[in-house]
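Engineer: Okay, so here is protein32.pdb, and as you'll see once you scroll down, it has PDB, C-alpha atoms, pLDDT in the B column.
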```
ATOM      1  CA  MET A 620     -20.205 -42.480  73.301  1.00 57.00           C
ATOM      2  CA  ILE A 621     -23.650 -41.230  72.348  1.00 66.00           C
ATOM      3  CA  THR A 622     -25.540 -39.267  74.976  1.00 76.00           C
ATOM      4  CA  LEU A 623     -29.305 -39.232  74.655  1.00 87.00           C
ATOM      5  CA  LEU A 624     -30.959 -35.923  75.409  1.00 86.00           C
ATOM      6  CA  GLU A 625     -34.248 -35.699  77.217  1.00 89.00           C
ATOM      7  CA  LYS A 626     -37.235 -34.689  75.118  1.00 91.00           C
ATOM      8  CA  ALA A 627     -38.023 -31.818  77.489  1.00 92.00           C
ATOM      9  CA  VAL A 628     -34.512 -30.414  77.114  1.00 93.00           C
ATOM     10  CA  ILE A 629     -34.682 -30.653  73.326  1.00 94.00           C
ATOM     11  CA  GLY A 630     -38.086 -28.928  73.293  1.00 95.00           C
ATOM     12  CA  MET A 631     -36.894 -26.141  75.561  1.00 95.00           C
ATOM     13  CA  ALA A 632     -33.721 -25.606  73.534  1.00 96.00           C
ATOM     14  CA  LEU A 633     -35.623 -25.549  70.239  1.00 96.00           C
ATOM     15  CA  LEU A 634     -38.034 -22.947  71.601  1.00 96.00           C
ATOM     16  CA  ARG A 635     -35.122 -20.786  72.725  1.00 96.00           C
ATOM     17  CA  LEU A 636     -33.476 -21.150  69.307  1.00 97.00           C
ATOM     18  CA  LEU A 637     -36.747 -20.133  67.668  1.00 96.00           C
ATOM     19  CA  SER A 638     -37.014 -17.160  70.016  1.00 96.00           C
ATOM     20  CA  GLY A 639     -33.434 -16.121  69.242  1.00 96.00           C
ATOM     21  CA  GLY A 640     -34.090 -16.430  65.518  1.00 97.00           C
ATOM     22  CA  ILE A 641     -37.142 -14.209  65.832  1.00 96.00           C
ATOM     23  CA  GLU A 642     -35.066 -11.639  67.753  1.00 95.00           C
ATOM     24  CA  ILE A 643     -32.362 -11.621  65.076  1.00 97.00           C
ATOM     25  CA  PHE A 644     -34.973 -11.319  62.325  1.00 97.00           C
ATOM     26  CA  ALA A 645     -36.568  -8.393  64.164  1.00 97.00           C
ATOM     27  CA  ALA A 646     -33.182  -6.669  64.451  1.00 97.00           C
ATOM     28  CA  LEU A 647     -32.625  -7.101  60.714  1.00 98.00           C
ATOM     29  CA  LEU A 648     -36.067  -5.650  60.018  1.00 97.00           C
ATOM     30  CA  MET A 649     -35.251  -2.638  62.178  1.00 97.00           C
ATOM     31  CA  ILE A 650     -32.052  -2.063  60.223  1.00 97.00           C
ATOM     32  CA  ARG A 651     -33.843  -2.524  56.888  1.00 97.00           C
ATOM     33  CA  PHE A 652     -36.639  -0.046  57.661  1.00 97.00           C
ATOM     34  CA  ASN A 653     -34.243   2.434  59.313  1.00 97.00           C
ATOM     35  CA  GLU A 654     -37.076   4.361  60.993  1.00 97.00           C
ATOM     36  CA  VAL A 655     -37.498   4.832  64.719  1.00 96.00           C
ATOM     37  CA  GLU A 656     -41.299   4.483  64.552  1.00 95.00           C
ATOM     38  CA  LYS A 657     -41.166   1.157  62.720  1.00 95.00           C
ATOM     39  CA  ALA A 658     -38.353  -0.093  64.949  1.00 95.00           C
ATOM     40  CA  LEU A 659     -40.478   0.700  67.990  1.00 94.00           C
ATOM     41  CA  ILE A 660     -43.419  -1.227  66.536  1.00 93.00           C
ATOM     42  CA  ILE A 661     -41.174  -4.226  65.824  1.00 94.00           C
ATOM     43  CA  ASN A 662     -39.697  -4.043  69.319  1.00 93.00           C
ATOM     44  CA  SER A 663     -43.163  -3.845  70.874  1.00 91.00           C
ATOM     45  CA  SER A 664     -44.248  -6.958  69.010  1.00 90.00           C
ATOM     46  CA  LEU A 665     -41.306  -8.791  70.558  1.00 91.00           C
ATOM     47  CA  ALA A 666     -42.712  -7.914  73.975  1.00 85.00           C
ATOM     48  CA  LEU A 667     -45.653 -10.196  73.144  1.00 85.00           C
ATOM     49  CA  ILE A 668     -43.513 -13.111  71.993  1.00 90.00           C
ATOM     50  CA  GLY A 669     -41.060 -13.136  74.917  1.00 87.00           C
ATOM     51  CA  PRO A 670     -43.527 -13.937  77.716  1.00 85.00           C
ATOM     52  CA  MET A 671     -45.204 -16.623  75.605  1.00 89.00           C
ATOM     53  CA  ILE A 672     -41.855 -18.331  75.020  1.00 92.00           C
ATOM     54  CA  LEU A 673     -41.087 -18.041  78.747  1.00 87.00           C
ATOM     55  CA  ILE A 674     -44.378 -19.653  79.741  1.00 87.00           C
ATOM     56  CA  ILE A 675     -44.155 -22.453  77.173  1.00 93.00           C
ATOM     57  CA  THR A 676     -40.510 -23.229  77.969  1.00 93.00           C
ATOM     58  CA  THR A 677     -41.181 -23.251  81.712  1.00 87.00           C
ATOM     59  CA  THR A 678     -44.221 -25.477  81.199  1.00 88.00           C
ATOM     60  CA  ILE A 679     -42.170 -27.989  79.208  1.00 92.00           C
ATOM     61  CA  GLY A 680     -39.511 -27.999  81.921  1.00 90.00           C
ATOM     62  CA  VAL A 681     -42.018 -28.463  84.719  1.00 87.00           C
ATOM     63  CA  ILE A 682     -43.736 -31.282  82.856  1.00 88.00           C
ATOM     64  CA  GLY A 683     -40.325 -32.898  82.440  1.00 89.00           C
ATOM     65  CA  LEU A 684     -39.855 -32.695  86.216  1.00 86.00           C
ATOM     66  CA  ALA A 685     -43.405 -33.708  87.096  1.00 84.00           C
ATOM     67  CA  ASP A 686     -42.455 -37.028  88.621  1.00 84.00           C
ATOM     68  CA  LYS A 687     -39.476 -35.613  90.535  1.00 87.00           C
ATOM     69  CA  ILE A 688     -40.891 -32.644  92.468  1.00 86.00           C
ATOM     70  CA  SER A 689     -43.709 -32.161  94.942  1.00 87.00           C
ATOM     71  CA  PHE A 690     -46.943 -30.284  94.370  1.00 86.00           C
ATOM     72  CA  SER A 691     -45.879 -27.462  96.692  1.00 90.00           C
ATOM     73  CA  LYS A 692     -42.790 -26.854  94.561  1.00 87.00           C
ATOM     74  CA  PHE A 693     -45.025 -26.674  91.475  1.00 84.00           C
ATOM     75  CA  VAL A 694     -46.963 -23.917  93.203  1.00 87.00           C
ATOM     76  CA  TRP A 695     -43.743 -21.998  93.960  1.00 90.00           C
ATOM     77  CA  ILE A 696     -42.573 -22.336  90.348  1.00 85.00           C
ATOM     78  CA  PHE A 697     -45.832 -20.992  88.956  1.00 84.00           C
ATOM     79  CA  LEU A 698     -45.904 -18.189  91.534  1.00 91.00           C
ATOM     80  CA  GLY A 699     -42.393 -17.239  90.447  1.00 88.00           C
ATOM     81  CA  VAL A 700     -43.390 -17.136  86.781  1.00 82.00           C
ATOM     82  CA  ALA A 701     -46.489 -15.112  87.695  1.00 86.00           C
ATOM     83  CA  CYS A 702     -44.295 -12.613  89.567  1.00 89.00           C
ATOM     84  CA  ILE A 703     -42.000 -12.269  86.555  1.00 83.00           C
ATOM     85  CA  LEU A 704     -44.942 -11.659  84.232  1.00 79.00           C
ATOM     86  CA  TYR A 705     -46.479  -9.163  86.664  1.00 85.00           C
ATOM     87  CA  GLY A 706     -43.150  -7.357  86.954  1.00 85.00           C
ATOM     88  CA  VAL A 707     -42.747  -6.888  83.215  1.00 77.00           C
ATOM     89  CA  LYS A 708     -46.410  -6.066  82.577  1.00 71.00           C
ATOM     90  CA  SER A 709     -46.861  -2.627  81.042  1.00 62.00           C
ATOM     91  CA  ASN A 710     -49.300  -0.233  82.650  1.00 61.00           C
TER      92      ASN A 710
END
```
Output the structure of this file as structure tokens.

Structural biologist:
Amino acid sequence: MITLLEKAVIGMALLRLLSGGIEIFAALLMIRFNEVEKALIINSSLALIGPMILIITTTIGVIGLADKISFSKFVWIFLGVACILYGVKSN
């Protein structure tokens, strides 16, 4: 039996696969350069990519649920994401 996947789920999964691929590539770059300074620069650049992937993936998921949840729940979801981003924000 063939199960059809929702477009939102496929989009979210593909973004997470892309994010994981970027993480693996960054780890390989760190090993290749073998310098703490360069590894720190690579790691810092990942700090920019992670929140963007989080926001985009959450947005796709919320759009996929748009017809199933109320406006007040949308507000709670976005407040939760805002709290996460505020919590990981560097000073």

Engineer: How many Å lie between CA of Gly680 (chain A) and CA of Lys708 (chain A), rounded to one decimal?

Structural biologist: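 It comes out at 23.0 Å.
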
Engineer: Find the residues near region 666-669 of chain A: any atom within 10 Å, counting all atoms listed in the file, skip ones fewer than 3 places away on the same chain, and give them as a list in words.

Structural biologist: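 Listed by chain and then number, they are Arg635, Ser638, Gly639, Ile641, Glu642, Ile661, Asn662, Ser663, Ile672, Leu673, Ile674, Val707, Lys708 and Ser709 of chain A.
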
Engineer: Run the PyMOL selection byres ((chain A and resi 631) around 10) on the file and write out the hits as a list in words.

Structural biologist: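 When the PyMOL selection byres ((chain A and resi 631) around 10) is applied to the shown file, the picked residues are Lys626, Ala627, Val628, Ile629, Gly630, Ala632, Leu633, Leu634, Arg635, Leu636, Leu637, Ile672, Leu673, Ile675, Thr676, Thr677, Thr678, Ile679 and Gly680 of chain A.
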
Engineer: Could you state the separation of CA of Leu624 (chain A) and CA of Pro670 (chain A) in Å, given to one decimal place?

Structural biologist: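 We find that CA of Leu624 (chain A) and CA of Pro670 (chain A) lie 25.4 Å from each other.
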
Engineer: Output, as lines of an AutoDock Vina configuration file, the centre and edge lengths in Å (one decimal) of the axis-aligned box that contains all listed atoms of region 656-666 of chain A with 8 Å of margin on each side.

Structural biologist:
```
center_x = -41.3
center_y = -2.2
center_z = 68.3
size_x = 21.9
size_y = 29.3
size_z = 27.3
```

Engineer: What's around Ile660 (chain A) at 12 Å? Count only C-alpha atoms, leave out sequence neighbours fewer than 6 positions away in its own chain, and write the answer as a PyMOL selection string.

Structural biologist: chain A and resi 645-646+648-649+652+654+666-667

Engineer: At what distance in Å, to one decimal, does CA of Leu704 (chain A) lie from CA of Ala685 (chain A)?

Structural biologist: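 Taking CA of Ala685 (chain A) and CA of Leu704 (chain A), their separation equals 22.3 Å.
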
Engineer: I need the residue nearest Phe693 (chain A) from this list: A:Ile650, A:Val655, A:Leu623, A:Val681. Use all atoms listed in the file for the distance.

Structural biologist: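 Smallest separation from Phe693 (chain A) among the options: A:Val681.
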